[in-house]
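Raw contents of work.csv, CSV, C-alpha atoms and all ligand atoms:
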```csv
chain,number,residue,atom,x,y,z
A,1,MET,CA,-18.5,-43.8,-38.3
A,2,PRO,CA,-17.3,-44.7,-34.7
A,3,LEU,CA,-15.9,-41.8,-32.8
A,4,ASP,CA,-12.2,-41.7,-32.2
A,5,ALA,CA,-11.5,-43.6,-29.0
A,6,PHE,CA,-8.7,-41.3,-28.0
A,7,TYR,CA,-11.0,-38.3,-28.3
A,8,VAL,CA,-13.8,-39.9,-26.2
A,9,ASN,CA,-11.3,-41.0,-23.6
A,10,LYS,CA,-9.9,-37.5,-23.3
A,11,LYS,CA,-13.4,-36.1,-22.9
A,12,ARG,CA,-14.3,-38.8,-20.3
A,13,THR,CA,-11.2,-38.1,-18.2
A,14,ARG,CA,-11.9,-34.4,-18.1
A,15,ALA,CA,-15.6,-34.8,-17.3
A,16,TYR,CA,-15.0,-37.5,-14.6
A,17,ASN,CA,-12.4,-35.2,-12.9
A,18,THR,CA,-14.8,-32.3,-12.9
A,19,LEU,CA,-17.5,-34.5,-11.4
A,20,SER,CA,-15.2,-36.0,-8.8
A,21,GLU,CA,-14.1,-32.4,-7.8
A,22,THR,CA,-17.8,-31.4,-7.6
A,23,PHE,CA,-18.7,-34.1,-5.2
A,24,GLY,CA,-15.4,-34.5,-3.4
A,25,GLN,CA,-15.6,-38.2,-4.1
A,26,PRO,CA,-13.9,-40.6,-6.6
A,27,VAL,CA,-16.3,-41.3,-9.4
A,28,LYS,CA,-16.3,-45.0,-8.6
A,29,GLU,CA,-18.1,-44.2,-5.4
A,30,ILE,CA,-20.8,-42.2,-7.3
A,31,PHE,CA,-21.3,-44.6,-10.3
A,32,SER,CA,-22.7,-48.1,-10.2
A,33,GLU,CA,-21.4,-50.8,-12.5
A,34,GLU,CA,-24.7,-52.7,-12.2
A,35,PRO,CA,-27.7,-51.0,-13.9
A,36,THR,CA,-29.9,-48.9,-11.6
A,37,ARG,CA,-32.9,-46.7,-12.2
A,38,HIS,CA,-30.8,-43.6,-11.9
A,39,LEU,CA,-28.5,-42.2,-14.6
A,40,ILE,CA,-26.1,-39.3,-14.6
A,41,LEU,CA,-25.3,-37.5,-17.9
A,42,VAL,CA,-21.8,-36.6,-16.7
A,43,ASN,CA,-21.1,-33.8,-19.1
A,44,VAL,CA,-24.6,-32.4,-19.8
A,45,GLY,CA,-25.1,-29.3,-17.7
A,46,ALA,CA,-27.1,-26.1,-18.0
A,47,THR,CA,-24.3,-23.6,-17.7
A,48,GLY,CA,-20.7,-22.9,-18.7
A,49,HIS,CA,-19.0,-23.9,-21.9
A,50,GLY,CA,-21.0,-26.5,-23.9
A,51,GLY,CA,-24.1,-26.0,-21.8
A,52,VAL,CA,-27.3,-27.4,-23.3
A,53,ASN,CA,-30.9,-26.3,-23.2
A,54,GLU,CA,-32.9,-27.8,-20.4
A,55,ASP,CA,-36.1,-28.1,-22.6
A,56,ALA,CA,-34.1,-29.8,-25.4
A,57,LEU,CA,-32.8,-32.4,-23.0
A,58,ARG,CA,-36.2,-33.1,-21.4
A,59,GLU,CA,-38.0,-33.2,-24.8
A,60,LEU,CA,-35.4,-35.6,-26.1
A,61,LEU,CA,-35.6,-38.0,-23.2
A,62,LEU,CA,-39.4,-37.9,-23.0
A,63,ARG,CA,-39.9,-38.3,-26.8
A,64,ARG,CA,-37.4,-41.0,-27.5
A,65,PHE,CA,-37.6,-43.2,-24.4
A,66,GLN,CA,-40.2,-45.0,-22.2
A,67,GLY,CA,-40.3,-44.9,-18.5
A,68,VAL,CA,-38.6,-41.6,-17.7
A,69,VAL,CA,-39.7,-40.3,-14.4
A,70,THR,CA,-37.6,-37.2,-13.9
A,71,VAL,CA,-34.8,-35.3,-15.6
A,72,ASN,CA,-33.0,-32.8,-13.4
A,73,MET,CA,-30.6,-30.2,-14.7
A,74,ALA,CA,-29.7,-27.9,-11.8
A,75,PHE,CA,-28.4,-24.5,-12.6
A,76,GLY,CA,-24.6,-24.2,-12.2
A,77,ARG,CA,-24.0,-27.9,-12.3
A,78,PRO,CA,-21.9,-29.6,-15.0
A,79,TYR,CA,-24.1,-32.7,-15.1
A,80,SER,CA,-27.8,-33.8,-15.3
A,81,THR,CA,-29.6,-36.7,-13.7
A,82,VAL,CA,-32.4,-38.9,-15.0
A,83,THR,CA,-34.5,-41.3,-13.0
A,84,CYS,CA,-36.5,-44.0,-14.7
A,85,GLU,CA,-39.2,-46.4,-13.7
A,86,SER,CA,-36.8,-49.4,-14.0
A,87,ALA,CA,-33.2,-50.3,-14.4
A,88,GLU,CA,-34.2,-51.7,-17.9
A,89,ALA,CA,-35.5,-48.3,-18.9
A,90,ALA,CA,-32.4,-46.6,-17.7
A,91,SER,CA,-30.2,-49.2,-19.6
A,92,ALA,CA,-32.0,-48.4,-22.8
A,93,ILE,CA,-31.2,-44.8,-22.5
A,94,LYS,CA,-27.6,-45.5,-21.6
A,95,SER,CA,-27.0,-47.8,-24.5
A,96,SER,CA,-28.6,-45.4,-27.0
A,97,LEU,CA,-26.9,-42.2,-25.9
A,98,ASN,CA,-23.6,-43.1,-24.2
A,99,GLU,CA,-20.5,-41.9,-26.0
A,100,LYS,CA,-22.5,-40.7,-29.1
A,101,PRO,CA,-22.8,-37.2,-30.4
A,102,ASN,CA,-26.3,-36.0,-30.2
A,103,GLU,CA,-28.0,-33.8,-32.8
A,104,GLU,CA,-30.5,-32.4,-30.3
A,105,LEU,CA,-27.8,-31.5,-27.8
A,106,ASN,CA,-25.5,-29.3,-30.0
A,107,LYS,CA,-23.8,-32.6,-31.3
A,108,LYS,CA,-22.4,-33.1,-27.8
A,109,VAL,CA,-20.8,-36.5,-27.1
A,110,VAL,CA,-22.9,-37.5,-24.1
A,111,LEU,CA,-21.3,-39.6,-21.3
A,112,VAL,CA,-23.8,-41.7,-19.4
A,113,GLU,CA,-23.3,-43.7,-16.2
A,114,PHE,CA,-25.6,-45.4,-13.7
A,115,LEU,CA,-25.8,-43.8,-10.3
A,116,ARG,CA,-25.5,-45.8,-7.0
A,117,THR,CA,-28.1,-43.7,-5.2
A,118,ARG,CA,-31.0,-41.6,-6.2
A,119,PRO,CA,-30.0,-38.0,-7.2
A,120,SER,CA,-31.7,-36.4,-4.1
A,121,ILE,CA,-29.1,-38.1,-1.9
A,122,LEU,CA,-26.4,-36.6,-4.1
A,123,ARG,CA,-28.0,-33.3,-3.4
A,124,SER,CA,-27.5,-33.4,0.3
A,125,LEU,CA,-23.7,-33.8,0.2
A,126,PRO,CA,-21.6,-31.8,2.6
A,127,SER,CA,-22.0,-28.0,2.1
A,128,ASP,CA,-18.4,-27.4,1.0
A,129,TYR,CA,-18.7,-29.3,-2.2
A,130,GLY,CA,-18.8,-27.2,-5.3
A,131,PHE,CA,-16.8,-26.3,-8.4
A,132,SER,CA,-13.2,-25.5,-8.2
A,133,THR,CA,-12.6,-21.8,-8.3
A,134,SER,CA,-10.7,-22.1,-11.6
A,135,ARG,CA,-14.0,-22.8,-13.3
A,136,SER,CA,-15.3,-19.5,-12.0
A,137,VAL,CA,-18.7,-20.9,-11.1
A,138,SER,CA,-19.9,-20.2,-7.6
A,139,PRO,CA,-20.8,-23.2,-5.5
A,140,ILE,CA,-24.5,-23.9,-5.4
A,141,HIS,CA,-26.4,-25.8,-2.9
A,142,GLU,CA,-29.8,-26.8,-4.1
A,143,ILE,CA,-32.5,-27.4,-1.5
A,144,LEU,CA,-35.9,-28.8,-2.3
A,145,LEU,CA,-38.0,-29.1,0.9
A,146,PRO,CA,-41.7,-29.5,1.4
A,147,SER,CA,-42.1,-25.9,2.6
A,148,PRO,CA,-39.0,-24.1,1.4
A,149,ALA,CA,-40.8,-20.8,1.9
A,150,GLN,CA,-40.1,-21.3,5.6
A,151,ILE,CA,-36.4,-21.5,5.2
A,152,ILE,CA,-35.9,-18.2,3.4
A,153,PRO,CA,-36.1,-15.5,6.1
A,154,GLY,CA,-39.0,-13.2,5.5
A,155,LEU,CA,-40.7,-15.3,2.8
A,156,ILE,CA,-44.3,-16.3,3.3
A,157,LEU,CA,-46.4,-18.4,0.9
A,158,VAL,CA,-50.2,-18.4,1.6
A,159,GLU,CA,-51.8,-21.2,-0.5
A,160,GLU,CA,-55.3,-20.9,-1.9
A,161,PHE,CA,-55.3,-17.2,-1.0
A,162,ILE,CA,-57.8,-16.1,-3.7
A,163,THR,CA,-60.8,-18.2,-4.8
A,164,GLU,CA,-61.4,-19.7,-8.2
A,165,PRO,CA,-64.2,-17.2,-9.0
A,166,GLU,CA,-61.9,-14.4,-8.1
A,167,GLU,CA,-59.2,-15.9,-10.3
A,168,ALA,CA,-61.7,-16.1,-13.2
A,169,ALA,CA,-63.0,-12.6,-12.7
A,170,ILE,CA,-59.4,-11.1,-12.7
A,171,ILE,CA,-58.7,-12.9,-15.9
A,172,GLU,CA,-61.8,-11.6,-17.5
A,173,PHE,CA,-61.0,-8.1,-16.3
A,174,ALA,CA,-57.5,-8.1,-17.7
A,175,LYS,CA,-58.3,-9.9,-21.0
A,176,ALA,CA,-60.5,-6.9,-21.9
A,177,ARG,CA,-57.5,-4.5,-21.5
A,178,PRO,CA,-54.4,-3.7,-23.6
A,179,TRP,CA,-51.1,-5.5,-22.9
A,180,ASP,CA,-47.4,-4.6,-23.4
A,181,GLN,CA,-45.2,-7.4,-24.7
A,182,ILE,CA,-42.0,-8.2,-22.7
A,183,ARG,CA,-40.1,-11.2,-24.1
A,184,LYS,CA,-42.4,-14.3,-23.5
A,185,ARG,CA,-44.8,-12.5,-21.3
A,186,GLN,CA,-47.4,-9.7,-21.5
A,187,VAL,CA,-47.9,-7.0,-18.8
A,188,GLN,CA,-50.4,-4.4,-17.7
A,189,HIS,CA,-49.6,-1.7,-15.1
A,190,TYR,CA,-52.0,0.0,-12.7
A,191,GLY,CA,-51.5,2.8,-10.2
A,192,HIS,CA,-48.0,3.6,-11.5
A,193,ILE,CA,-46.2,2.3,-14.6
A,194,PHE,CA,-43.3,0.0,-14.0
A,195,GLU,CA,-40.3,0.8,-16.2
A,196,TYR,CA,-38.4,-2.2,-17.4
A,197,GLY,CA,-34.7,-1.4,-17.9
A,198,THR,CA,-34.4,0.7,-14.8
A,199,ASN,CA,-36.8,-1.4,-12.7
A,200,LYS,CA,-38.3,1.8,-11.2
A,201,PHE,CA,-41.7,3.4,-11.9
A,202,LYS,CA,-42.3,6.2,-14.3
A,203,ASP,CA,-42.9,9.7,-13.2
A,204,PRO,CA,-46.7,9.8,-12.7
A,205,VAL,CA,-46.9,13.5,-13.7
A,206,VAL,CA,-45.6,12.6,-17.2
A,207,HIS,CA,-47.0,9.0,-17.5
A,208,ASN,CA,-50.6,8.5,-16.6
A,209,ALA,CA,-51.4,5.0,-15.4
A,210,ALA,CA,-54.8,3.4,-15.1
A,211,PRO,CA,-56.0,3.6,-11.5
A,212,MET,CA,-55.7,0.6,-9.2
A,213,PRO,CA,-58.7,-1.7,-9.9
A,214,SER,CA,-61.4,-1.7,-7.2
A,215,TRP,CA,-61.4,-5.6,-7.0
A,216,THR,CA,-57.9,-5.3,-5.5
A,217,ILE,CA,-59.2,-3.9,-2.2
A,218,PRO,CA,-61.0,-7.0,-0.8
A,219,ILE,CA,-58.0,-9.1,-1.7
A,220,LEU,CA,-55.6,-6.7,0.0
A,221,GLU,CA,-57.9,-6.4,3.1
A,222,ARG,CA,-57.8,-10.2,3.4
A,223,LEU,CA,-54.0,-10.1,3.3
A,224,TYR,CA,-54.0,-7.4,5.9
A,225,ASP,CA,-56.4,-9.3,8.2
A,226,ARG,CA,-54.4,-12.5,7.9
A,227,LEU,CA,-50.8,-11.2,8.1
A,228,HIS,CA,-50.5,-7.8,9.8
A,229,LYS,CA,-49.7,-9.4,13.1
A,230,ASP,CA,-46.9,-11.5,11.6
A,231,ILE,CA,-45.5,-8.7,9.4
A,232,PRO,CA,-45.0,-5.4,11.2
A,233,GLY,CA,-45.4,-2.5,8.8
A,234,LEU,CA,-47.4,-4.5,6.3
A,235,PRO,CA,-49.1,-1.7,4.1
A,236,LEU,CA,-52.7,-1.0,4.7
A,237,PRO,CA,-55.0,-2.2,1.8
A,238,SER,CA,-55.2,1.3,0.3
A,239,ASP,CA,-51.5,1.9,0.6
A,240,TRP,CA,-50.6,-0.5,-2.2
A,241,ASP,CA,-50.4,1.8,-5.2
A,242,GLN,CA,-48.8,-0.2,-8.0
A,243,LEU,CA,-50.0,-3.4,-9.6
A,244,THR,CA,-48.5,-5.3,-12.5
A,245,ILE,CA,-50.5,-8.0,-14.1
A,246,GLN,CA,-48.4,-10.5,-16.1
A,247,SER,CA,-49.4,-13.3,-18.4
A,248,TYR,CA,-46.6,-15.8,-19.1
A,249,LYS,CA,-46.5,-18.2,-22.0
A,250,PRO,CA,-45.6,-21.8,-20.9
A,251,ASN,CA,-42.0,-21.1,-21.7
A,252,GLY,CA,-42.0,-17.6,-20.2
A,253,GLY,CA,-40.0,-16.5,-17.2
A,254,ILE,CA,-38.5,-13.5,-15.5
A,255,PRO,CA,-34.7,-12.8,-15.1
A,256,PRO,CA,-33.2,-12.9,-11.6
A,257,HIS,CA,-33.7,-9.6,-9.8
A,258,ILE,CA,-34.3,-7.9,-6.5
A,259,ASP,CA,-37.2,-5.5,-6.7
A,260,THR,CA,-35.5,-2.1,-6.5
A,261,HIS,CA,-35.0,-0.9,-2.9
A,262,SER,CA,-35.0,2.8,-3.5
A,263,VAL,CA,-38.4,3.1,-5.2
A,264,PHE,CA,-40.6,0.4,-3.6
A,265,ASP,CA,-41.3,0.4,0.1
A,266,GLY,CA,-41.3,-2.8,2.2
A,267,ALA,CA,-43.1,-6.0,1.2
A,268,ILE,CA,-43.7,-7.2,-2.4
A,269,LEU,CA,-46.6,-9.5,-3.2
A,270,SER,CA,-47.0,-12.0,-6.0
A,271,ILE,CA,-50.4,-13.7,-6.5
A,272,SER,CA,-50.3,-16.6,-8.9
A,273,LEU,CA,-53.1,-17.5,-11.3
A,274,LEU,CA,-53.6,-20.6,-13.5
A,275,SER,CA,-50.5,-22.7,-14.1
A,276,PRO,CA,-48.2,-23.5,-11.2
A,277,VAL,CA,-44.5,-22.7,-11.7
A,278,LEU,CA,-41.2,-22.9,-9.8
A,279,MET,CA,-39.6,-19.7,-8.7
A,280,GLU,CA,-35.9,-19.8,-7.7
A,281,PHE,CA,-34.4,-17.7,-4.9
A,282,LYS,CA,-30.7,-17.1,-4.3
A,283,PRO,CA,-29.1,-15.1,-1.5
A,284,VAL,CA,-27.3,-12.3,-3.3
A,285,SER,CA,-26.4,-10.0,-0.4
A,286,LYS,CA,-23.4,-11.2,1.6
A,287,PHE,CA,-25.4,-10.1,4.6
A,288,CYS,CA,-28.1,-12.7,4.1
A,289,GLU,CA,-28.1,-14.9,7.1
A,290,TRP,CA,-27.6,-18.4,5.9
A,291,PRO,CA,-26.5,-21.3,8.1
A,292,ASP,CA,-24.0,-22.5,5.5
A,293,THR,CA,-21.6,-19.7,4.7
A,294,ASN,CA,-19.6,-21.8,2.2
A,295,ALA,CA,-22.4,-22.6,-0.1
A,296,LYS,CA,-24.7,-20.3,-2.1
A,297,ALA,CA,-28.2,-21.6,-1.6
A,298,LEU,CA,-30.7,-22.1,-4.4
A,299,VAL,CA,-34.1,-22.5,-3.0
A,300,THR,CA,-37.0,-23.5,-5.3
A,301,ILE,CA,-40.5,-22.4,-4.3
A,302,ASP,CA,-43.6,-24.0,-6.0
A,303,LEU,CA,-46.0,-21.1,-6.7
A,304,THR,CA,-49.3,-22.9,-6.7
A,305,PRO,CA,-52.4,-21.5,-8.4
A,306,ARG,CA,-54.2,-18.8,-6.4
A,307,SER,CA,-51.3,-18.6,-3.8
A,308,CYS,CA,-49.9,-15.4,-2.5
A,309,LEU,CA,-46.2,-15.0,-2.0
A,310,VAL,CA,-45.2,-12.3,0.4
A,311,MET,CA,-41.5,-11.1,0.2
A,312,THR,CA,-40.4,-9.2,3.2
A,313,GLY,CA,-37.0,-8.8,5.1
A,314,ALA,CA,-34.1,-10.8,3.7
A,315,SER,CA,-36.2,-12.5,1.0
A,316,ARG,CA,-37.2,-9.2,-0.4
A,317,TYR,CA,-34.0,-7.1,0.1
A,318,GLY,CA,-31.2,-9.6,-0.1
A,319,TRP,CA,-32.3,-12.6,-2.1
A,320,SER,CA,-33.0,-12.5,-5.9
A,321,HIS,CA,-35.9,-14.3,-7.5
A,322,THR,CA,-36.4,-15.6,-11.0
A,323,ILE,CA,-38.6,-17.9,-13.1
A,324,ARG,CA,-36.6,-19.8,-15.6
A,325,GLU,CA,-37.7,-19.7,-19.2
A,326,ARG,CA,-38.6,-23.4,-19.9
A,327,THR,CA,-41.7,-25.4,-20.5
A,328,THR,CA,-41.4,-27.9,-17.7
A,329,ASP,CA,-40.6,-28.0,-14.0
A,330,ILE,CA,-39.4,-30.9,-11.8
A,331,VAL,CA,-41.5,-31.2,-8.7
A,332,SER,CA,-42.0,-33.6,-5.8
A,333,ASP,CA,-44.4,-36.5,-6.3
A,334,ALA,CA,-46.6,-38.3,-3.8
A,335,GLU,CA,-44.1,-41.1,-3.3
A,336,GLY,CA,-41.3,-38.7,-2.2
A,337,GLY,CA,-39.7,-38.8,-5.6
A,338,THR,CA,-39.8,-36.2,-8.3
A,339,THR,CA,-41.8,-35.8,-11.5
A,340,ILE,CA,-41.8,-33.6,-14.6
A,341,ARG,CA,-44.7,-31.1,-14.7
A,342,ARG,CA,-45.5,-29.3,-17.9
A,343,ARG,CA,-46.3,-25.6,-17.6
A,344,THR,CA,-49.4,-24.0,-19.1
A,345,GLU,CA,-50.2,-20.3,-19.3
A,346,ARG,CA,-49.6,-18.6,-15.9
A,347,TRP,CA,-50.6,-15.2,-14.7
A,348,SER,CA,-49.4,-13.2,-11.8
A,349,LEU,CA,-50.3,-10.0,-9.9
A,350,THR,CA,-47.4,-8.1,-8.4
A,351,PHE,CA,-48.3,-5.6,-5.8
A,352,ARG,CA,-45.9,-2.9,-4.7
A,353,ARG,CA,-45.9,0.3,-2.8
A,354,CYS,CA,-44.1,3.2,-4.5
A,355,ARG,CA,-41.9,5.5,-2.5
A,356,THR,CA,-43.4,8.8,-3.7
A,357,GLY,CA,-42.6,11.9,-1.8
A,358,SER,CA,-42.1,15.6,-2.3
A,359,SER,CA,-40.3,14.7,-5.5
A,360,TRP,CA,-41.4,12.0,-7.8
A,361,ILE,CA,-39.2,9.3,-6.3
A,362,ASN,CA,-38.4,9.8,-2.7
A,363,VAL,CA,-34.9,8.6,-2.2
A,364,ASN,CA,-34.0,11.1,0.5
A,365,SER,CA,-35.5,9.2,3.3
A,366,PRO,CA,-33.8,6.0,4.5
A,367,CYS,CA,-34.7,2.7,2.7
A,368,LYS,CA,-36.9,0.4,4.6
A,369,CYS,CA,-34.1,-2.2,4.4
A,370,MET,CA,-32.5,0.0,7.2
A,371,GLY,CA,-29.0,-0.6,5.8
A,372,ARG,CA,-29.1,-4.3,6.7
A,373,TRP,CA,-28.4,-5.3,3.1
A,374,PRO,CA,-26.3,-2.4,1.9
A,375,ASP,CA,-24.7,-4.3,-1.0
A,376,THR,CA,-28.1,-4.9,-2.7
A,377,CYS,CA,-29.5,-1.5,-1.8
A,378,ASP,CA,-29.3,1.4,-4.2
A,379,VAL,CA,-29.9,4.1,-1.5
A,380,PRO,CA,-26.5,5.2,-0.2
A,381,TRP,CA,-25.7,4.0,3.3
A,382,GLY,CA,-23.0,5.2,5.6
A,383,ASN,CA,-21.9,8.1,3.5
A,384,SER,CA,-23.2,11.0,5.6
B,1,LIG,O1,-44.6,-13.6,-11.7
B,1,LIG,C1,-44.3,-13.5,-10.6
B,1,LIG,O2,-44.8,-14.2,-9.7
B,1,LIG,C2,-43.2,-12.6,-10.1
B,1,LIG,C3,-43.0,-11.4,-10.9
B,1,LIG,C4,-41.9,-10.5,-10.3
B,1,LIG,O3,-41.0,-11.0,-9.7
B,1,LIG,C5,-42.0,-9.1,-10.5
B,1,LIG,O4,-42.9,-8.6,-11.2
B,1,LIG,O5,-41.1,-8.3,-10.0
B,2,FE,FE,-39.9,-9.4,-8.6
```

Have the structure of the file written as structure tokens, please.
Ligand SMILES: O=C(O)CCC(=O)C(=O)O
Ligand SMILES: [Fe+2]
Amino acid sequence: MPLDAFYVNKKRTRAYNTLSETFGQPVKEIFSEEPTRHLILVNVGATGHGGVNEDALRELLLRRFQGVVTVNMAFGRPYSTVTCESAEAASAIKSSLNEKPNEELNKKVVLVEFLRTRPSILRSLPSDYGFSTSRSVSPIHEILLPSPAQIIPGLILVEEFITEPEEAAIIEFAKARPWDQIRKRQVQHYGHIFEYGTNKFKDPVVHNAAPMPSWTIPILERLYDRLHKDIPGLPLPSDWDQLTIQSYKPNGGIPPHIDTHSVFDGAILSISLLSPVLMEFKPVSKFCEWPDTNAKALVTIDLTPRSCLVMTGASRYGWSHTIRERTTDIVSDAEGGTTIRRRTERWSLTFRRCRTGSSWINVNSPCKCMGRWPDTCDVPWGNS
């Protein structure tokens, strides 16, 4: 039965107004009447009321249609974009989905338009675009650059940091040991036991952790040799006293968080094994220096296999990091476009240094953040 035209028109007016507010442009400047390779699903976004699941959207498009190059659903946006190999492929999607309720997308009536320009050009609109405050969604400015690690202060990504034989040996080591299950990932702790819920570590007098494995030392020595000149105060190899090994299912992730200031000292390391994955960073502290004060940045880092991510300074104390729970990531391709990458199993090694002291957790001395990010620090600043 055809949908009621009045109902569809009302939905369309509302969605087009939202889009035009988001981009600060009339929709006729965003849409193309002629078919192009690029589509916008005007009312299919990840968040807010009526948000749909990103995996469901990608699966639907990849399974039902030919020639889909990329599907992009950016967090906090009311719309998604699709790029196809040809305008014909895009037209097939539009005529099949437009103005029809879709079973796989919570029966949503999807509104589809051709875009004038490729979505990456939409991404670099002026910084003050965003949602109107009445929708209570903070403005988000997504940035995908070749080396985004360089644009987050204090973040360093060392690619091919461990070798393939080291990667294989670590996997063999951990496979022979027991795991704890946390949502869609499994974890093992060494040195000190990390406590989910409080994001602190457990009292070592009460909870005995397996010792730090000896294979960590040559890896941490390599890190020290390479980076101690660039990172003042980088812990000595033997000072890292907490390791969490995680094994993520392809759809696994980790919620946004800042590793707790009060209990972990200085830099945090994350070494990646097996599948690459995108990690998202957002400045949470209002004291994060960011050139664009009106927009909240969302910076996506591609954690390549065997890389080592070092979080220091603002990236460690003021920005949150997360891995979204989904089975695919959108990444740059060789032609400067984007492509869909399926995730497989990924492992990571998180190294931390615990702030132990005369008592179990030493929160009496100042945090290494030195009060520069007091709003994301759980050590009291300025009260004495
Ligand atoms: O898996 C990763 O690379 C990061 C894990 C993480 O953020 C953490 O353990 O705190
Ligand atoms: Fe973390």

Among A:Thr350, A:Thr356, A:Ser80, A:Ser365, Val205 of chain A is approached most closely, using all atoms listed in the file, by A:Thr356

Counting only C-alpha atoms and all ligand atoms, what are the residues, protein, DNA or RNA alike, that approach ligand FE 2 (chain B) to within 12 Å? I want them as a PyMOL selection string. chain A and resi 194+196+199-200+243-244+246+253-261+264+267-271+279-281+309-312+315-317+319-323+348-352

In terms of all atoms listed in the file, the residue from A:His228, A:Arg14, A:Lys107, A:Arg185 at minimal distance from ligand LIG 1 (chain B) is A:Arg185

Skipping near chain neighbours, those fewer than 2 positions away, what residues fall within 8 Å of segment 169-178 of chain A using only C-alpha atoms, listed as a VMD selection string? chain A and resid 165 to 167 180 188 245

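Nearest to ligand LIG 1 (chain B) of all the residues A:Arg306, A:Lys28, A:Arg116, A:His207 is A:Arg306, counting all atoms listed in the file.
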
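With distances restricted to all atoms listed in the file, A:Gly45 is the closest residue to Val110 of chain A from A:Pro211, A:Gly45, A:Ala168, A:Val27.
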
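Here the question is which of A:Ala314, A:Met370, A:Leu278, A:Val299 gets nearest to ligand LIG 1 (chain B) using all atoms listed in the file, and that residue is A:Leu278.
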
Here atom CA of Leu236 of chain A and atom CA of Val206 of chain A stand apart by 26.7 Å

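The shortest atom-to-atom distance to ligand LIG 1 (chain B), with all atoms listed in the file taken into account, belongs to A:Thr304 out of A:Thr327, A:Thr304, A:Asn72, A:Thr344.
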
Separating atom CA of Leu220 of chain A from atom CA of Arg324 of chain A, to the nearest tenth of an Å, is a gap of 27.9 Å

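Going from atom CA of Cys308 of chain A to atom CA of Glu160 of chain A covers 7.7 Å.
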
Margin query: Residues within 10 Å of (-49.7, 1.9, 1.9), file coordinates, counting all atoms listed in the file: what are they? Give the list as a PyMOL selection string.
Written below: chain A and resi 233-241+265-266+352-355

| message | Need to verify the contact set: Leu61 of chain A, 9 Å, all atoms listed in the file, exclusion of same-chain residues closer than 6 positions in sequence. Can you return it as a PyMOL selection string? | response | chain A and resi 68+71+82+93
